[in-house]
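Notes to accompany the following structure.
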Amino acid sequence: MSALTLERVTKTYPGDAPVVALNNVTLRFDEGELVAVVGPSGSGKSTLLHIAGALERPTSGTVSIAGHDTSQLADRQLSALRAKSLGFVFQGFFLLEHVGVVDNVAQGLLYQGVGIAERRRRATETLEAVGLGHRLGHRPTQLSGGERQRVAIARALVGRPALLIADEPTGNLDSASGADIVALLKTLNSDGTTVVVVTHDTAIAAEMERHVALLDGHVVEDSDDG
């Protein structure tokens, strides 16, 4: 079954000289895949991430998440689908620096109507699952870069999404911490989570099972073809 499908998706940003960030892109990511989306700066990777994650709507084409055509959903329904089915990991972490890591992760359940006690219980459980059980009493300012990224991954996972999208998840980390994060993503994938990693790092991409390459808004290579 498809976790995410883009069908003939185009995204154009208006202006004096309109920018076509994605041009007639068709991709399907099936449940349980481990995928790297690669390409140089300006290739359309970030736009693809925003479109795939229902953070932006395409100019044309359709995006389906877990079988739901997002073009048929109102904004509130789209937010609910994101909260239920998607997890995001951003390069910049975006943690609340002076809030404990448990409450940072618990925020990932705010839009699911889960009570505070249950949010914190599930946050604790997820932090333990990503190897941070010994850091539950800490704040992000007390953690290393690799540990902060694990908190960000835990926040993305606490809602138990079927699809995890990670944008340059090792971009702010040293090589050892980056390798740990890649290993964690592969473990999550082996447990059944569909993982799509957007990266310019060829070494990270080489760790993924499938590679999709973008250039100037077009898919120029897909190792799944054929």
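Quick note on naming: the chains in the structure tokens go A, B, ... in the order shown, residues restart at 1 in each chain, and ligands are numbered from 1 in order of appearance.
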
Just want the 9 Å neighbourhood of stretch 126-132 of chain A, counted on only C-alpha atoms, with same-chain residues fewer than 3 positions away dropped. Output as a compact mmCIF listing (two decimals) with N, CA and C atoms, in the first residue's frame.
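And here is the file that came out, result30.txt:
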```txt
# COMPACT_ATOMS: atom_id res chain seq x y z
N VAL A 101 12.89 18.07 28.02
CA VAL A 101 12.77 17.27 26.81
C VAL A 101 11.45 16.49 26.77
N VAL A 102 10.94 16.06 27.93
CA VAL A 102 9.68 15.32 27.94
C VAL A 102 8.55 16.20 27.41
N VAL A 105 8.78 16.80 23.61
CA VAL A 105 8.26 15.67 22.84
C VAL A 105 6.74 15.57 22.97
N ARG A 121 3.44 10.62 29.38
CA ARG A 121 3.78 9.21 29.49
C ARG A 121 4.31 8.69 28.15
N ARG A 122 3.61 9.03 27.07
CA ARG A 122 4.02 8.57 25.75
C ARG A 122 5.32 9.25 25.32
N ALA A 123 5.51 10.50 25.73
CA ALA A 123 6.76 11.20 25.42
C ALA A 123 7.94 10.50 26.09
N ARG A 135 18.17 11.01 29.86
CA ARG A 135 18.16 12.47 29.72
C ARG A 135 16.78 13.06 29.96
N LEU A 136 15.90 12.32 30.60
CA LEU A 136 14.51 12.77 30.75
C LEU A 136 14.39 14.04 31.58
N GLU A 147 22.03 14.48 20.59
CA GLU A 147 20.92 14.23 21.51
C GLU A 147 19.72 15.12 21.18
N ARG A 150 17.87 13.60 18.41
CA ARG A 150 17.07 12.47 18.89
C ARG A 150 15.78 12.95 19.55
N VAL A 151 15.85 14.06 20.27
CA VAL A 151 14.62 14.64 20.84
C VAL A 151 13.66 15.03 19.72
N ILE A 153 13.49 13.78 16.75
CA ILE A 153 12.95 12.56 16.16
C ILE A 153 11.88 11.97 17.07
N ALA A 154 12.12 11.97 18.37
CA ALA A 154 11.11 11.47 19.30
C ALA A 154 9.82 12.28 19.21
N ARG A 155 9.94 13.59 19.09
CA ARG A 155 8.75 14.45 18.94
C ARG A 155 7.97 14.08 17.67
N LEU A 157 7.93 11.15 16.31
CA LEU A 157 7.45 9.78 16.40
C LEU A 157 6.39 9.56 17.47
N VAL A 158 6.23 10.48 18.38
CA VAL A 158 5.38 10.23 19.54
C VAL A 158 3.92 9.99 19.14
N LEU A 184 19.62 5.15 13.76
CA LEU A 184 18.31 5.21 14.41
C LEU A 184 17.19 5.20 13.36
```

Could you produce a table of the residues of stretch 130-177 of chain A lying within 7 Å of stretch 79-96 of chain A, with the nearest pair of atoms per residue and their separation in Å rounded to one decimal, using only C-alpha atoms, ordered by chain and increasing residue number, as CSV?
```
residue,atom,partner,partner_atom,distance
A:Arg148,CA,A:Phe93,CA,6.8
A:Gln149,CA,A:Phe93,CA,6.1
A:Ala152,CA,A:Phe93,CA,5.7
A:Ile153,CA,A:Val89,CA,5.8
A:Ala156,CA,A:Gly87,CA,4.4
A:Leu157,CA,A:Gly87,CA,6.0
A:Gly159,CA,A:Lys84,CA,6.6
A:Pro161,CA,A:Ser85,CA,4.5
A:Ala162,CA,A:Ser85,CA,5.6
A:Leu163,CA,A:Leu86,CA,5.1
A:Leu164,CA,A:Gly87,CA,4.6
A:Ile165,CA,A:Phe88,CA,5.0
A:Ala166,CA,A:Val89,CA,4.5
A:Asp167,CA,A:Phe90,CA,5.0
A:Glu168,CA,A:Gln91,CA,5.2
A:Pro169,CA,A:Gln91,CA,5.1
A:Gly171,CA,A:Gln91,CA,6.2
A:Asn172,CA,A:Gln91,CA,6.8
```

Take the residues that were just selected and, keeping N, CA and C atoms, output them as a PDB file, in the first residue's frame.
```
ATOM      1  N   ARG A 148      19.994  16.357  20.795  1.00  0.00           N
ATOM      2  CA  ARG A 148      18.889  17.245  20.395  1.00  0.00           C
ATOM      3  C   ARG A 148      18.149  16.682  19.190  1.00  0.00           C
ATOM      4  N   GLN A 149      18.903  16.145  18.232  1.00  0.00           N
ATOM      5  CA  GLN A 149      18.235  15.586  17.065  1.00  0.00           C
ATOM      6  C   GLN A 149      17.412  14.369  17.454  1.00  0.00           C
ATOM      7  N   ALA A 152      14.209  15.669  18.680  1.00  0.00           N
ATOM      8  CA  ALA A 152      13.369  16.078  17.553  1.00  0.00           C
ATOM      9  C   ALA A 152      12.744  14.863  16.865  1.00  0.00           C
ATOM     10  N   ILE A 153      13.490  13.782  16.751  1.00  0.00           N
ATOM     11  CA  ILE A 153      12.948  12.560  16.156  1.00  0.00           C
ATOM     12  C   ILE A 153      11.877  11.970  17.066  1.00  0.00           C
ATOM     13  N   ALA A 156       8.709  13.772  16.598  1.00  0.00           N
ATOM     14  CA  ALA A 156       8.055  13.381  15.353  1.00  0.00           C
ATOM     15  C   ALA A 156       7.385  12.012  15.465  1.00  0.00           C
ATOM     16  N   LEU A 157       7.927  11.152  16.311  1.00  0.00           N
ATOM     17  CA  LEU A 157       7.448   9.777  16.404  1.00  0.00           C
ATOM     18  C   LEU A 157       6.388   9.556  17.466  1.00  0.00           C
ATOM     19  N   GLY A 159       3.500  10.553  18.011  1.00  0.00           N
ATOM     20  CA  GLY A 159       2.142  10.311  17.533  1.00  0.00           C
ATOM     21  C   GLY A 159       2.006   9.020  16.757  1.00  0.00           C
ATOM     22  N   PRO A 161       3.346   7.966  13.805  1.00  0.00           N
ATOM     23  CA  PRO A 161       2.998   8.126  12.395  1.00  0.00           C
ATOM     24  C   PRO A 161       3.517   6.964  11.565  1.00  0.00           C
ATOM     25  N   ALA A 162       2.827   6.699  10.460  1.00  0.00           N
ATOM     26  CA  ALA A 162       3.278   5.656   9.551  1.00  0.00           C
ATOM     27  C   ALA A 162       4.406   6.159   8.658  1.00  0.00           C
ATOM     28  N   LEU A 163       4.491   7.485   8.488  1.00  0.00           N
ATOM     29  CA  LEU A 163       5.466   8.085   7.579  1.00  0.00           C
ATOM     30  C   LEU A 163       6.279   9.144   8.306  1.00  0.00           C
ATOM     31  N   LEU A 164       7.595   9.016   8.238  1.00  0.00           N
ATOM     32  CA  LEU A 164       8.509   9.985   8.829  1.00  0.00           C
ATOM     33  C   LEU A 164       9.289  10.654   7.705  1.00  0.00           C
ATOM     34  N   ILE A 165       9.233  12.000   7.653  1.00  0.00           N
ATOM     35  CA  ILE A 165       9.975  12.772   6.672  1.00  0.00           C
ATOM     36  C   ILE A 165      11.038  13.566   7.407  1.00  0.00           C
ATOM     37  N   ALA A 166      12.292  13.388   6.996  1.00  0.00           N
ATOM     38  CA  ALA A 166      13.407  14.045   7.682  1.00  0.00           C
ATOM     39  C   ALA A 166      14.153  14.944   6.702  1.00  0.00           C
ATOM     40  N   ASP A 167      14.290  16.208   7.058  1.00  0.00           N
ATOM     41  CA  ASP A 167      14.958  17.195   6.202  1.00  0.00           C
ATOM     42  C   ASP A 167      16.375  17.421   6.716  1.00  0.00           C
ATOM     43  N   GLU A 168      17.364  16.928   5.970  1.00  0.00           N
ATOM     44  CA  GLU A 168      18.774  17.081   6.361  1.00  0.00           C
ATOM     45  C   GLU A 168      18.964  16.760   7.853  1.00  0.00           C
ATOM     46  N   PRO A 169      18.561  15.574   8.295  1.00  0.00           N
ATOM     47  CA  PRO A 169      18.564  15.277   9.733  1.00  0.00           C
ATOM     48  C   PRO A 169      19.941  15.235  10.369  1.00  0.00           C
ATOM     49  N   GLY A 171      22.445  17.388   9.165  1.00  0.00           N
ATOM     50  CA  GLY A 171      23.130  18.563   8.640  1.00  0.00           C
ATOM     51  C   GLY A 171      23.864  19.394   9.672  1.00  0.00           C
ATOM     52  N   ASN A 172      23.392  19.401  10.917  1.00  0.00           N
ATOM     53  CA  ASN A 172      24.024  20.198  11.968  1.00  0.00           C
ATOM     54  C   ASN A 172      24.873  19.358  12.920  1.00  0.00           C
TER      55      ASN A 172
END
```

All helix (DSSP H, G or I) positions in stretch 108-223 of chain A, as a VMD selection string: chain A and resid 108 to 112 116 to 129 133 to 135 140 to 142 145 to 157 175 to 190 202 to 206

Within 7 Å of A:Thr199 using only C-alpha atoms, minus same-chain residues under 2 positions, as a PyMOL selection string: chain A and resi 36-38+167-168+197+201

Output N, CA and C atoms for every residue in the selection just made, as a PDB file, in the first residue's frame.
```pdb
ATOM      1  N   ALA A  36      15.965   7.996   0.134  1.00  0.00           N
ATOM      2  CA  ALA A  36      16.694   9.256   0.138  1.00  0.00           C
ATOM      3  C   ALA A  36      16.275  10.064  -1.078  1.00  0.00           C
ATOM      4  N   VAL A  37      15.928  11.335  -0.846  1.00  0.00           N
ATOM      5  CA  VAL A  37      15.670  12.275  -1.937  1.00  0.00           C
ATOM      6  C   VAL A  37      16.856  13.225  -1.980  1.00  0.00           C
ATOM      7  N   VAL A  38      17.569  13.233  -3.105  1.00  0.00           N
ATOM      8  CA  VAL A  38      18.815  13.980  -3.197  1.00  0.00           C
ATOM      9  C   VAL A  38      18.752  14.982  -4.349  1.00  0.00           C
ATOM     10  N   ASP A 167      14.290  16.208   7.058  1.00  0.00           N
ATOM     11  CA  ASP A 167      14.958  17.195   6.202  1.00  0.00           C
ATOM     12  C   ASP A 167      16.375  17.421   6.716  1.00  0.00           C
ATOM     13  N   GLU A 168      17.364  16.928   5.970  1.00  0.00           N
ATOM     14  CA  GLU A 168      18.774  17.081   6.361  1.00  0.00           C
ATOM     15  C   GLU A 168      18.964  16.760   7.853  1.00  0.00           C
ATOM     16  N   VAL A 197      14.152  10.547   3.639  1.00  0.00           N
ATOM     17  CA  VAL A 197      15.187  11.477   4.075  1.00  0.00           C
ATOM     18  C   VAL A 197      15.551  12.396   2.916  1.00  0.00           C
ATOM     19  N   ASP A 201      23.651  15.057   1.173  1.00  0.00           N
ATOM     20  CA  ASP A 201      24.825  14.293   1.604  1.00  0.00           C
ATOM     21  C   ASP A 201      24.810  12.904   0.951  1.00  0.00           C
TER      22      ASP A 201
END
```

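From atom CA of A:Glu207 back to atom CA of A:Ser175, the distance works out to 13.8 Å.
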
Select, from A:Val25, A:Ala183, A:Leu55, A:Val35, the residue with the minimum atom-to-atom distance to A:Arg210, counting only C-alpha atoms. A:Val35

Pick from A:Gly67, A:Ser41, A:Glu33, A:Lys186, whichever lies nearest to A:Leu6 using only C-alpha atoms: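 So, comparing all the options, the nearest one is A:Gly67.
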
Got a sec to tell me which of stretch 35-116 of chain A DSSP assigns to strand (DSSP E or B), as number ranges by chain? A: 35-38, 60-65, 68-69, 86-89

Write out, as a PDB file, in the first residue's frame, the residues just selected, with C-alpha atoms.
```pdb
ATOM      1  CA  VAL A  35      14.166   6.489   0.734  1.00  0.00           C
ATOM      2  CA  ALA A  36      16.694   9.256   0.138  1.00  0.00           C
ATOM      3  CA  VAL A  37      15.670  12.275  -1.937  1.00  0.00           C
ATOM      4  CA  VAL A  38      18.815  13.980  -3.197  1.00  0.00           C
ATOM      5  CA  SER A  60      -1.470  21.378  -9.879  1.00  0.00           C
ATOM      6  CA  GLY A  61      -1.500  17.613  -9.506  1.00  0.00           C
ATOM      7  CA  THR A  62      -2.582  15.451  -6.597  1.00  0.00           C
ATOM      8  CA  VAL A  63      -0.961  14.343  -3.346  1.00  0.00           C
ATOM      9  CA  SER A  64      -2.332  11.333  -1.477  1.00  0.00           C
ATOM     10  CA  ILE A  65      -1.264  10.466   2.064  1.00  0.00           C
ATOM     11  CA  HIS A  68      -6.357  10.337   1.337  1.00  0.00           C
ATOM     12  CA  ASP A  69      -6.389  12.791  -1.570  1.00  0.00           C
ATOM     13  CA  LEU A  86       3.046  12.187   9.440  1.00  0.00           C
ATOM     14  CA  GLY A  87       6.108  12.931  11.487  1.00  0.00           C
ATOM     15  CA  PHE A  88       8.600  15.670  10.567  1.00  0.00           C
ATOM     16  CA  VAL A  89      12.248  16.035  11.518  1.00  0.00           C
TER      17      VAL A  89
END
```

One decimal, Å: what's the distance from atom CA of A:Ser223 over to atom CA of A:Thr202, could you say? 14.3 Å

Residue with smallest distance to A:Val196 - pool A:Leu34, A:Val19, A:Leu214, A:Leu73, counting only C-alpha atoms: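 Using only C-alpha atoms, A:Val196 sits closest to A:Leu34.
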
In terms of the shortest atom-to-atom distance over only C-alpha atoms, which of A:Leu110, A:Thr70, A:Thr10, A:Glu209 is closest to A:Asp222? A:Glu209

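Atom pair atom CA of A:Gly42 / atom CA of A:Ala74 has a distance of 29.7 Å (rounded to one decimal).
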
All residues 9 Å or closer to A:Val219, only C-alpha atoms, same chain fewer than 4 positions away omitted, as a list in words: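 That gives Leu22, Asn23, Asn24, Val25, Thr26, Leu27, Val212, Ala213, Leu214 and Leu215 of chain A.
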